[in-house]
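K.L.:
Provided herewith is a single structure, encoded as structure tokens, for subsequent inquiry.
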Amino acid sequence: MAETPMPIWEVFIRSRTGLAHRHVGSVHAADAEMALQAARDTYTRRGEGLSIWVVPSAAITASDPADKDMLFEPTASKPYRHPTFYTVPEEVGHM
Amino acid sequence: MTTIAVAETPLVLGLLRLADTALVHAQRLSEWCGHAPMLEEDLALANLALDLIGQARALYAYAAEAEGAGRTEDDLAYRRDAPQFRNVLIAELPRGDFAFTILRAFLLAAHAQPFWRAASQSNDATLAAIAAKAEKEAAYHLRHSGEWVIRLGDGTEESGRRMREALATLWPYTGELFEADAADRALVEAGILPAPEDLRPVWDATVDRVFGEACLTRPPETWMQSGGRSGRHTEHLGHMLAVMQHLQRAYPGATW
């Protein structure tokens, strides 16, 4: 009997100190509720998290690695986009 | 190495019944470590087992203190034989297949969660503190096992068949969860533990709700197994203890 493979879910955790959810890995689960539980059991065993998101991996549209040069190479020659040419006045302090 | 004889006052006996059930169930759950159907569930079952071992440790430590004979939690876990164990029989049955393991965890958690919630209001401050922590753990055990029962019961033809078989085996062991003898009565009257029969309506409602979603039919009223809480066990417990207690039996007093 052919079995349907268990769907994969991407897991995002917001840590105690973090402001945003960060991608931490993936889990197999039959549906969203079980994916949340699998994420809890797999990725929050050491008190890492305060909030979990799970997203079907299939819902993510990824860039093609073959397009790497086209997408990212042109920015290498544009150092003026980095805000490093400004001098910050002393009195501004920590930014 | 000798086997110890614990002086079982109602409080010590009540604590041992809770601790033994948690430890024996944890040992069965931990037998899945490295063998679960998928990595995620391997971790989940180990998590459940670790929660239960934590509860057992706190309860044994308190039982040892209440007995006042200078024993430790390890003495109580490793130096009693099967007839001195006070766990309910359902906890010691061999782990079976995944459906059996999950259904047992569900039936126990559906009892443990309301039990610990009520016990968190205990007159006994130590027990109330143990209960407050255990209740949160039991709530997750109930959610996790309950969601699996629904998906397996209402899943494929095979998963449904396995759930029905597990239910037929496990059901006669559920009556013991609600038994009350003289020691239980004494603890209830002292406001230390909740009355077993008071937990029944909540357990029934949880079981009926989950079984309804899982397309499982509650078995008809039947004769119920009994005896574990008095030390009359199935033949399976001795074999389990032989494995669990081997190190302390072979090397008395060995420490990690």
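Every chain in the structure tokens has a letter given in the order shown (A, B, ...), and although residue numbers restart at 1 in each chain, ligands are simply numbered from 1 in the order shown.
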Mind dumping a table of every chain B residue within 12 Å of chain A, with the nearest atom pair and its distance in Å to one decimal, using only C-alpha atoms, sorted by chain and rising number, as CSV?
P.N.:
residue,atom,partner,partner_atom,distance
B:Pro37,CA,A:His28,CA,11.2
B:Met38,CA,A:His28,CA,8.2
B:Leu39,CA,A:His28,CA,8.6
B:Glu40,CA,A:Ala38,CA,5.6
B:Glu41,CA,A:Ala38,CA,7.2
B:Asp42,CA,A:Asp41,CA,9.4
B:Leu43,CA,A:Asp41,CA,6.2
B:Ala44,CA,A:Asp41,CA,5.3
B:Leu45,CA,A:Asp41,CA,9.0
B:Ala46,CA,A:Asp41,CA,9.2
B:Asn47,CA,A:Asp41,CA,7.1
B:Leu48,CA,A:Asp41,CA,9.5
B:Leu50,CA,A:Arg45,CA,11.0
B:Asp51,CA,A:Arg45,CA,11.5
B:Tyr140,CA,A:Gln37,CA,9.1
B:His141,CA,A:Gln37,CA,10.5
B:Leu142,CA,A:Gln37,CA,11.9
B:Arg143,CA,A:Gln37,CA,9.0
B:His144,CA,A:Gln37,CA,7.0
B:Ser145,CA,A:Met34,CA,10.5
B:Gly146,CA,A:Met34,CA,10.8
B:Glu147,CA,A:Met34,CA,7.5
B:Trp148,CA,A:Met34,CA,8.2
B:Val149,CA,A:Met34,CA,11.8
B:Ile150,CA,A:Met34,CA,11.2
B:Arg151,CA,A:Ala30,CA,8.7
B:Leu152,CA,A:Ala30,CA,10.9
B:Gly155,CA,A:Ala30,CA,10.5
B:Thr156,CA,A:Glu3,CA,10.1
B:Glu157,CA,A:Met1,CA,11.5
B:Glu158,CA,A:Met1,CA,10.9
K.L.:
Need the shell around Ile4 of chain B: protein/DNA/RNA residues with any atom at most 10 Å away, counting only C-alpha atoms. Skip same-chain ones fewer than 3 positions apart. Format as a PyMOL selection string?
P.N.:
chain B and resi 1+7+71+75-76+78-81+84
K.L.:
Using DSSP on the backbone coordinates, identify the residues of chain A assigned to strand (DSSP E); present them as an NGL selection string.
P.N.:
:A and (8-15 or 22-28 or 49-56)
K.L.:
Could those residues be written to a file, using C-alpha atoms, as a short mmCIF file (atom, residue, chain, number, x, y, z; two decimals), in the first residue's frame?
P.N.:
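Saved the output as again_35.cif:
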data_model
loop_
_atom_site.label_atom_id
_atom_site.label_comp_id
_atom_site.auth_asym_id
_atom_site.auth_seq_id
_atom_site.Cartn_x
_atom_site.Cartn_y
_atom_site.Cartn_z
CA ILE A 8 6.96 19.05 6.05
CA TRP A 9 6.50 22.29 8.01
CA GLU A 10 8.98 25.11 8.55
CA VAL A 11 9.30 26.15 12.17
CA PHE A 12 9.80 29.70 13.44
CA ILE A 13 10.41 30.40 17.14
CA ARG A 14 10.35 33.69 18.98
CA SER A 15 12.77 33.41 21.86
CA ARG A 22 13.40 33.14 13.57
CA HIS A 23 13.55 30.09 11.37
CA VAL A 24 14.92 27.17 13.40
CA GLY A 25 14.28 24.11 11.23
CA SER A 26 11.50 21.86 10.03
CA VAL A 27 9.28 19.01 11.22
CA HIS A 28 7.09 16.31 9.71
CA GLY A 49 10.64 29.72 22.99
CA LEU A 50 7.70 31.90 23.88
CA SER A 51 5.88 31.61 20.57
CA ILE A 52 5.87 29.18 17.65
CA TRP A 53 4.85 29.59 14.02
CA VAL A 54 4.61 26.68 11.61
CA VAL A 55 4.25 27.16 7.86
CA PRO A 56 3.77 24.44 5.25
#
K.L.:
Between B:Leu247, B:Leu241, B:Ala214, B:Ala132, which has the minimum distance to Asp20 of chain B (counting only C-alpha atoms)?
P.N.:
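Among B:Leu247, B:Leu241, B:Ala214, B:Ala132, it is B:Leu241 that comes nearest to Asp20 of chain B.
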K.L.:
Using only C-alpha atoms, determine which residues lie at most 9 Å from Lys133 of chain B, disregarding the query and same-chain residues fewer than 5 positions distant; provide the list as a list of chain:residue names.
P.N.:
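Surrounding residues, per the criterion: B:Gln55, B:Trp116, B:Ser120, B:Ala128, B:Ala138.
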K.L.:
Please report the interatomic distance between atom CA of Ala242 of chain B and atom CA of Gly34 of chain B in Å with one decimal.
P.N.:
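Taking atom CA of Ala242 of chain B and atom CA of Gly34 of chain B, their separation equals 20.7 Å.
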K.L.:
Can you work out the spacing between atom CA of Glu213 of chain B and atom CA of Arg95 of chain B in Å, to one decimal?
P.N.:
24.3 Å
K.L.:
Pick out each residue of chain A that DSSP on the backbone tags as helix (DSSP H, G or I); I need them as a PyMOL selection string.
P.N.:
chain A and resi 32-43+57-59+65-77+79-81+90-92
K.L.:
With N, CA, C and O atoms retained, export the selected residues as a compact mmCIF listing (two decimals), in the first residue's frame.
P.N.:
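See out-v5.txt below for the written result:
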# COMPACT_ATOMS: atom_id res chain seq x y z
N ALA A 32 -1.58 21.11 10.74
CA ALA A 32 -1.00 22.27 11.43
C ALA A 32 -0.94 22.08 12.95
O ALA A 32 0.05 22.43 13.59
N GLU A 33 -2.01 21.54 13.54
CA GLU A 33 -2.03 21.35 14.99
C GLU A 33 -0.90 20.42 15.44
O GLU A 33 -0.19 20.68 16.40
N MET A 34 -0.73 19.30 14.70
CA MET A 34 0.32 18.36 15.07
C MET A 34 1.71 18.94 14.78
O MET A 34 2.68 18.62 15.45
N ALA A 35 1.78 19.81 13.77
CA ALA A 35 3.07 20.45 13.46
C ALA A 35 3.49 21.37 14.61
O ALA A 35 4.66 21.42 14.98
N LEU A 36 2.52 22.08 15.19
CA LEU A 36 2.83 22.94 16.34
C LEU A 36 3.37 22.10 17.50
O LEU A 36 4.34 22.47 18.16
N GLN A 37 2.73 20.95 17.73
CA GLN A 37 3.17 20.09 18.84
C GLN A 37 4.55 19.51 18.55
O GLN A 37 5.41 19.45 19.43
N ALA A 38 4.77 19.08 17.29
CA ALA A 38 6.08 18.52 16.93
C ALA A 38 7.16 19.59 17.07
O ALA A 38 8.27 19.32 17.54
N ALA A 39 6.82 20.82 16.70
CA ALA A 39 7.79 21.92 16.82
C ALA A 39 8.10 22.19 18.28
O ALA A 39 9.25 22.39 18.67
N ARG A 40 7.06 22.17 19.11
CA ARG A 40 7.26 22.36 20.55
C ARG A 40 8.17 21.27 21.11
O ARG A 40 9.09 21.54 21.87
N ASP A 41 7.90 20.02 20.72
CA ASP A 41 8.66 18.90 21.28
C ASP A 41 10.08 18.82 20.72
O ASP A 41 10.97 18.28 21.37
N THR A 42 10.27 19.34 19.51
CA THR A 42 11.58 19.21 18.88
C THR A 42 12.48 20.41 19.14
O THR A 42 13.67 20.25 19.35
N TYR A 43 11.88 21.61 19.17
CA TYR A 43 12.72 22.82 19.18
C TYR A 43 12.61 23.68 20.43
O TYR A 43 13.25 24.72 20.51
N SER A 57 5.91 23.85 4.29
CA SER A 57 7.09 24.11 3.47
C SER A 57 6.70 24.40 2.03
O SER A 57 7.33 25.21 1.34
N ALA A 58 5.62 23.73 1.59
CA ALA A 58 5.18 23.89 0.21
C ALA A 58 4.68 25.30 -0.07
O ALA A 58 4.57 25.72 -1.23
N ALA A 59 4.37 26.07 1.00
CA ALA A 59 3.85 27.42 0.81
C ALA A 59 4.95 28.44 0.61
O ALA A 59 4.69 29.61 0.35
N PRO A 65 18.73 28.92 -6.85
CA PRO A 65 20.16 29.12 -6.64
C PRO A 65 20.90 29.47 -7.93
O PRO A 65 21.90 30.19 -7.91
N ALA A 66 20.37 29.00 -9.06
CA ALA A 66 21.02 29.28 -10.35
C ALA A 66 20.92 30.76 -10.72
O ALA A 66 21.69 31.27 -11.55
N ASP A 67 19.96 31.46 -10.09
CA ASP A 67 19.80 32.89 -10.36
C ASP A 67 20.66 33.76 -9.45
O ASP A 67 20.52 34.98 -9.44
N LYS A 68 21.53 33.10 -8.70
CA LYS A 68 22.31 33.82 -7.69
C LYS A 68 23.05 35.02 -8.28
O LYS A 68 22.99 36.13 -7.74
N ASP A 69 23.73 34.80 -9.38
CA ASP A 69 24.53 35.89 -9.97
C ASP A 69 23.64 37.05 -10.40
O ASP A 69 23.90 38.21 -10.10
N MET A 70 22.55 36.71 -11.09
CA MET A 70 21.64 37.74 -11.58
C MET A 70 21.01 38.53 -10.44
O MET A 70 20.91 39.75 -10.48
N LEU A 71 20.63 37.82 -9.40
CA LEU A 71 19.90 38.49 -8.31
C LEU A 71 20.81 39.28 -7.39
O LEU A 71 20.46 40.39 -6.96
N PHE A 72 21.98 38.72 -7.10
CA PHE A 72 22.75 39.30 -6.00
C PHE A 72 24.08 39.92 -6.39
O PHE A 72 24.61 40.77 -5.69
N GLU A 73 24.62 39.51 -7.53
CA GLU A 73 25.93 40.01 -7.93
C GLU A 73 25.94 41.54 -8.12
O GLU A 73 26.87 42.21 -7.68
N PRO A 74 24.89 42.12 -8.77
CA PRO A 74 24.94 43.55 -9.07
C PRO A 74 25.11 44.44 -7.84
O PRO A 74 25.59 45.56 -7.94
N THR A 75 24.74 43.97 -6.68
CA THR A 75 24.84 44.83 -5.49
C THR A 75 26.28 44.94 -4.99
O THR A 75 26.59 45.86 -4.23
N ALA A 76 27.13 44.02 -5.44
CA ALA A 76 28.49 44.00 -4.92
C ALA A 76 29.25 45.27 -5.29
O ALA A 76 30.14 45.70 -4.58
N SER A 77 28.87 45.89 -6.42
CA SER A 77 29.59 47.06 -6.88
C SER A 77 28.93 48.37 -6.45
O SER A 77 29.16 49.41 -7.03
N PRO A 79 28.80 50.03 -3.20
CA PRO A 79 29.12 50.24 -1.77
C PRO A 79 28.45 51.47 -1.20
O PRO A 79 28.24 51.58 0.00
N TYR A 80 28.05 52.42 -2.10
CA TYR A 80 27.43 53.65 -1.60
C TYR A 80 26.06 53.39 -0.97
O TYR A 80 25.46 54.27 -0.37
N ARG A 81 25.56 52.17 -1.12
CA ARG A 81 24.28 51.86 -0.47
C ARG A 81 24.45 51.58 1.03
O ARG A 81 23.48 51.52 1.77
N GLU A 90 29.11 63.53 17.36
CA GLU A 90 29.29 62.97 18.71
C GLU A 90 28.00 62.99 19.52
O GLU A 90 27.63 62.01 20.16
N GLU A 91 27.31 64.17 19.45
CA GLU A 91 26.18 64.36 20.34
C GLU A 91 24.99 63.42 20.03
O GLU A 91 24.07 63.29 20.84
N VAL A 92 25.01 62.80 18.85
CA VAL A 92 23.94 61.84 18.52
C VAL A 92 24.04 60.62 19.43
O VAL A 92 23.03 60.01 19.81
K.L.:
Which of these residues is nearest to Leu177 of chain B, using only C-alpha atoms: B:Leu13, B:Ala195, B:Leu23, B:Ala5?
P.N.:
B:Ala195
K.L.:
Would you kindly return, as a short mmCIF file (atom, residue, chain, number, x, y, z; two decimals) with C-alpha atoms, in the first residue's frame, each protein, DNA or RNA residue with an atom no farther than 9 Å from any atom of Val202 of chain B, considering only C-alpha atoms and excluding same-chain residues fewer than 5 positions away?
P.N.:
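That gives us out32.cif:
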data_model
loop_
_atom_site.label_atom_id
_atom_site.label_comp_id
_atom_site.auth_asym_id
_atom_site.auth_seq_id
_atom_site.Cartn_x
_atom_site.Cartn_y
_atom_site.Cartn_z
CA ALA B 110 -7.41 12.46 30.93
CA HIS B 111 -7.34 11.38 34.57
CA PRO B 114 -8.11 17.01 36.49
CA VAL B 207 -13.04 10.47 26.74
#
K.L.:
Need the shell around Asp181 of chain B: protein/DNA/RNA residues with any atom at most 12 Å away, counting only C-alpha atoms. Skip same-chain ones fewer than 5 positions apart. Format as a ChimeraX atom specification?
P.N.:
/B:10,13-14,176,186-188,195-197,227,229-230
K.L.:
Give me, please, the distance in Å between atom CA of Thr72 of chain B and atom CA of Ser226 of chain B, quoted to one decimal.
P.N.:
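About the pair atom CA of Thr72 of chain B and atom CA of Ser226 of chain B: they are 28.7 Å apart.
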K.L.:
Rank B:Gly228, B:Pro252, B:Gly54, B:Pro194 by their smallest atom-to-atom distance to Ala112 of chain B, using only C-alpha atoms, and report the top residue only.
P.N.:
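Closest candidate: B:Pro194.
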K.L.:
Could you name the residues that touch segment 86-94 of chain B at 9 Å or less, counting only C-alpha atoms, but leaving out those on the same chain fewer than 4 positions away, as number ranges by chain?
P.N.:
B: 13-14, 16-28, 82, 101, 104-105, 108, 170, 172-174, 176-177, 225-234, 236-237, 240
